[in-house]
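Okay, start-v5.csv now, which holds CSV, C-alpha atoms:
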chain,number,residue,atom,x,y,z
A,1,MET,CA,-4.1,10.6,15.1
A,2,MET,CA,-1.7,13.2,13.7
A,3,ALA,CA,-0.1,12.5,10.4
A,4,LYS,CA,3.7,12.0,10.2
A,5,LEU,CA,5.3,14.0,7.4
A,6,LEU,CA,8.7,13.9,5.7
A,7,ILE,CA,9.9,16.9,3.8
A,8,VAL,CA,12.9,16.4,1.4
A,9,ASP,CA,14.6,19.5,0.1
A,10,ASP,CA,18.3,20.6,-0.1
A,11,SER,CA,17.4,24.2,0.8
A,12,THR,CA,17.5,24.8,4.6
A,13,MET,CA,15.4,28.0,4.1
A,14,LEU,CA,12.7,26.1,2.2
A,15,ARG,CA,12.6,23.3,4.7
A,16,ASP,CA,12.2,25.9,7.5
A,17,MET,CA,9.3,27.7,5.5
A,18,LEU,CA,7.6,24.3,4.9
A,19,ASN,CA,8.0,23.3,8.5
A,20,TYR,CA,6.5,26.6,9.7
A,21,ALA,CA,3.6,26.4,7.2
A,22,LEU,CA,2.8,22.8,8.2
A,23,ASN,CA,3.1,23.6,11.9
A,24,GLU,CA,0.7,26.5,11.5
A,25,GLY,CA,-1.7,24.0,9.8
A,26,GLY,CA,-1.6,21.7,12.7
A,27,TYR,CA,1.0,19.2,11.4
A,28,ASN,CA,3.6,19.0,14.1
A,29,ASP,CA,5.2,15.7,13.4
A,30,VAL,CA,7.6,16.7,10.6
A,31,THR,CA,10.9,15.2,9.8
A,32,GLU,CA,13.4,16.9,7.4
A,33,ALA,CA,15.8,15.3,4.9
A,34,VAL,CA,18.5,17.2,2.9
A,35,ASP,CA,18.4,15.2,-0.3
A,36,GLY,CA,16.9,12.0,-1.9
A,37,VAL,CA,19.5,9.7,-0.3
A,38,ASP,CA,18.8,11.1,3.1
A,39,GLY,CA,15.0,11.1,2.4
A,40,LEU,CA,15.0,7.5,1.3
A,41,ALA,CA,17.0,6.4,4.4
A,42,LYS,CA,14.6,8.3,6.7
A,43,ALA,CA,11.6,7.0,4.9
A,44,LYS,CA,12.7,3.4,5.3
A,45,ALA,CA,13.6,3.9,9.0
A,46,ALA,CA,10.1,5.2,9.9
A,47,ASP,CA,6.6,5.2,8.6
A,48,PHE,CA,5.4,8.5,7.1
A,49,ASP,CA,1.8,9.3,6.0
A,50,LEU,CA,3.0,11.8,3.5
A,51,ILE,CA,6.2,12.8,1.8
A,52,ILE,CA,6.9,16.2,0.2
A,53,THR,CA,9.9,16.4,-2.0
A,54,ASP,CA,11.8,18.8,-4.2
A,55,VAL,CA,13.0,17.6,-7.7
A,56,ASN,CA,16.4,19.2,-8.2
A,57,MET,CA,18.7,18.0,-5.4
A,58,PRO,CA,22.2,16.7,-5.1
A,59,ASN,CA,23.0,13.0,-4.6
A,60,MET,CA,19.5,11.8,-5.6
A,61,ASP,CA,16.9,13.9,-7.3
A,62,GLY,CA,13.2,13.9,-6.3
A,63,LEU,CA,11.9,11.8,-9.2
A,64,THR,CA,14.5,9.1,-8.5
A,65,LEU,CA,13.5,9.3,-4.9
A,66,ILE,CA,9.8,8.8,-5.8
A,67,GLY,CA,10.6,5.8,-8.0
A,68,GLU,CA,12.6,4.2,-5.2
A,69,LEU,CA,9.9,4.9,-2.6
A,70,ARG,CA,7.3,3.3,-4.8
A,71,LYS,CA,9.3,0.1,-4.7
A,72,VAL,CA,9.1,0.0,-0.8
A,73,PRO,CA,5.8,-1.8,0.1
A,74,GLN,CA,4.8,0.7,2.8
A,75,TYR,CA,5.1,3.6,0.3
A,76,SER,CA,3.5,2.0,-2.8
A,77,LYS,CA,0.2,3.8,-2.2
A,78,LYS,CA,1.2,6.6,0.3
A,79,PRO,CA,0.8,10.2,-1.1
A,80,ILE,CA,4.0,11.9,-2.3
A,81,LEU,CA,3.8,15.6,-3.2
A,82,VAL,CA,6.4,17.3,-5.4
A,83,LEU,CA,7.3,20.9,-4.4
A,84,THR,CA,9.5,22.4,-7.1
A,85,THR,CA,10.4,25.3,-9.3
A,86,GLU,CA,9.8,23.0,-12.3
A,87,ARG,CA,6.6,23.9,-14.1
A,88,SER,CA,6.9,22.3,-17.5
A,89,ASP,CA,4.3,19.7,-18.6
A,90,GLU,CA,7.1,17.4,-19.5
A,91,MET,CA,8.5,17.5,-16.0
A,92,LYS,CA,5.0,17.0,-14.5
A,93,ALA,CA,4.5,14.0,-16.8
A,94,LYS,CA,7.8,12.5,-15.5
A,95,GLY,CA,6.7,13.1,-12.0
A,96,LYS,CA,3.4,11.4,-12.6
A,97,ALA,CA,5.2,8.5,-14.3
A,98,ALA,CA,7.5,8.2,-11.3
A,99,GLY,CA,4.5,8.0,-9.0
A,100,ALA,CA,3.9,11.5,-7.7
A,101,THR,CA,0.5,12.1,-6.2
A,102,GLY,CA,0.5,15.9,-6.8
A,103,TRP,CA,2.7,18.8,-8.0
A,104,ILE,CA,3.1,22.2,-6.3
A,105,VAL,CA,5.2,24.9,-7.9
A,106,LYS,CA,7.5,27.1,-5.8
A,107,PRO,CA,7.2,29.6,-4.4
A,108,PHE,CA,4.3,28.0,-2.6
A,109,VAL,CA,1.4,29.7,-0.9
A,110,PRO,CA,1.0,28.2,2.6
A,111,ASP,CA,-2.8,27.9,2.3
A,112,GLN,CA,-2.5,26.1,-1.1
A,113,LEU,CA,0.1,23.8,0.4
A,114,LEU,CA,-2.1,22.9,3.4
A,115,LYS,CA,-5.1,22.4,1.2
A,116,ALA,CA,-3.1,19.9,-1.0
A,117,VAL,CA,-1.8,18.2,2.1
A,118,ASN,CA,-5.3,17.9,3.6
A,119,ILE,CA,-6.7,16.6,0.4
A,120,VAL,CA,-4.1,13.8,-0.1
A,121,LEU,CA,-4.2,12.8,3.5
A,122,SER,CA,-8.0,12.5,3.5
A,123,ARG,CA,-8.0,10.0,0.7
Could you show the structure in this file as structure tokens?
Amino acid sequence: MMAKLLIVDDSTMLRDMLNYALNEGGYNDVTEAVDGVDGLAKAKAADFDLIITDVNMPNMDGLTLIGELRKVPQYSKKPILVLTTERSDEMKAKGKAAGATGWIVKPFVPDQLLKAVNIVLSR
């Protein structure tokens, strides 16, 4: 069964790059959201196996999105990866506190991204 992925990022270019990298890795069921509000709505409307989100976005940031997703029963244990330019330990700690499964710093290397995706989906 192929995993369903949701990518949440306000950058069209980054969503395109992510989509391409995931497709190359065999993940073809990818839904895109433009910010946390859109991501939360799409997550509640479907059942995703993995969510990849940016931190800095308009309307609802990624950490708030993670906190909101963790309140939804179907996402209380699902993997959520953060893909962001934020690299400080303080920010990573906030991400972990919000419920992030992993942290990937932009710009991402497609192979590293796929490795992280494969690891969290195999748990």
Check: Within 12 Å of (1.3, 16.0, 12.8), all atoms listed in the file: residues as a PyMOL selection string?
Finding: chain A and resi 1-6+19+22-31+48-50+117-118+121
Next item on the list: Using only C-alpha atoms, give me every residue within 12 Å of (18.4, 18.9, -8.4) in file coordinates, as a list in words.
Entry: Val8, Asp9, Asp10, Ser11, Val34, Asp35, Gly36, Thr53, Asp54, Val55, Asn56, Met57, Pro58, Asn59, Met60, Asp61, Gly62, Leu63, Thr64, Leu65, Leu83, Thr84, Thr85 and Glu86 of chain A
Residue subset to file, keeping C-alpha atoms, as a CSV table (one decimal), in the frame of the given file:
chain,number,residue,atom,x,y,z
A,8,VAL,CA,12.9,16.4,1.4
A,9,ASP,CA,14.6,19.5,0.1
A,10,ASP,CA,18.3,20.6,-0.1
A,11,SER,CA,17.4,24.2,0.8
A,34,VAL,CA,18.5,17.2,2.9
A,35,ASP,CA,18.4,15.2,-0.3
A,36,GLY,CA,16.9,12.0,-1.9
A,53,THR,CA,9.9,16.4,-2.0
A,54,ASP,CA,11.8,18.8,-4.2
A,55,VAL,CA,13.0,17.6,-7.7
A,56,ASN,CA,16.4,19.2,-8.2
A,57,MET,CA,18.7,18.0,-5.4
A,58,PRO,CA,22.2,16.7,-5.1
A,59,ASN,CA,23.0,13.0,-4.6
A,60,MET,CA,19.5,11.8,-5.6
A,61,ASP,CA,16.9,13.9,-7.3
A,62,GLY,CA,13.2,13.9,-6.3
A,63,LEU,CA,11.9,11.8,-9.2
A,64,THR,CA,14.5,9.1,-8.5
A,65,LEU,CA,13.5,9.3,-4.9
A,83,LEU,CA,7.3,20.9,-4.4
A,84,THR,CA,9.5,22.4,-7.1
A,85,THR,CA,10.4,25.3,-9.3
A,86,GLU,CA,9.8,23.0,-12.3
Next item on the list: For CA of Met17 (chain A) and CA of Val82 (chain A), quote the distance in Å rounded to one decimal.
Entry: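 Going from CA of Met17 (chain A) over to CA of Val82 (chain A) covers 15.3 Å.
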Margin query: Using all atoms listed in the file, can you tell me which of A:Lys106, A:Lys77, A:Lys94, A:Arg87 comes closest to Arg123 (chain A)?
Written below: A:Lys77
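Atom pair CA of Val120 (chain A) / CA of Ile104 (chain A) has a distance of 12.7 Å (rounded to one decimal).
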Item checked: Å distance separating CA of Ala41 (chain A) from CA of Tyr20 (chain A), one decimal place ->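 Separation of CA of Ala41 (chain A) and CA of Tyr20 (chain A): 23.4 Å.
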Could you work out an axis-aligned box for region 53-66 of chain A, taking every atom the file lists and adding 8 Å on each side, and report centre and edge lengths in Å to one decimal, as lines of an AutoDock Vina configuration file?
center_x = 16.4
center_y = 14.0
center_z = -5.6
size_x = 29.2
size_y = 26.4
size_z = 23.2
Item checked: From A:Pro107, A:Asp38, A:Ala46, A:Met91, residue lying nearest Met13 (chain A) [only C-alpha atoms] ->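 Using only C-alpha atoms, Met13 (chain A) sits closest to A:Pro107.
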Checklist line | Which of A:Lys96, A:Asp16, A:Ile66, A:Ile51 sits closest to Leu81 (chain A) [using only C-alpha atoms] | finding: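 Of the candidates, the smallest distance to Leu81 (chain A) is held by A:Ile51.
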Note to self: For a quick check of understanding, using all atoms listed in the file, which of A:Ala21, A:Asp89, A:Pro73, A:Gly39 has the smallest distance to Phe108 (chain A)?
What the structure shows: A:Ala21
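Nearest residue to Leu69 (chain A), choosing from A:Gly95, A:Ala45, A:Asp111, A:Leu40 and counting all atoms listed in the file: A:Leu40.
Across A:Val109, A:Leu14, A:Ala98, A:Ile7, the tightest approach to Ala43 (chain A) is made by A:Ile7 when counting all atoms listed in the file.
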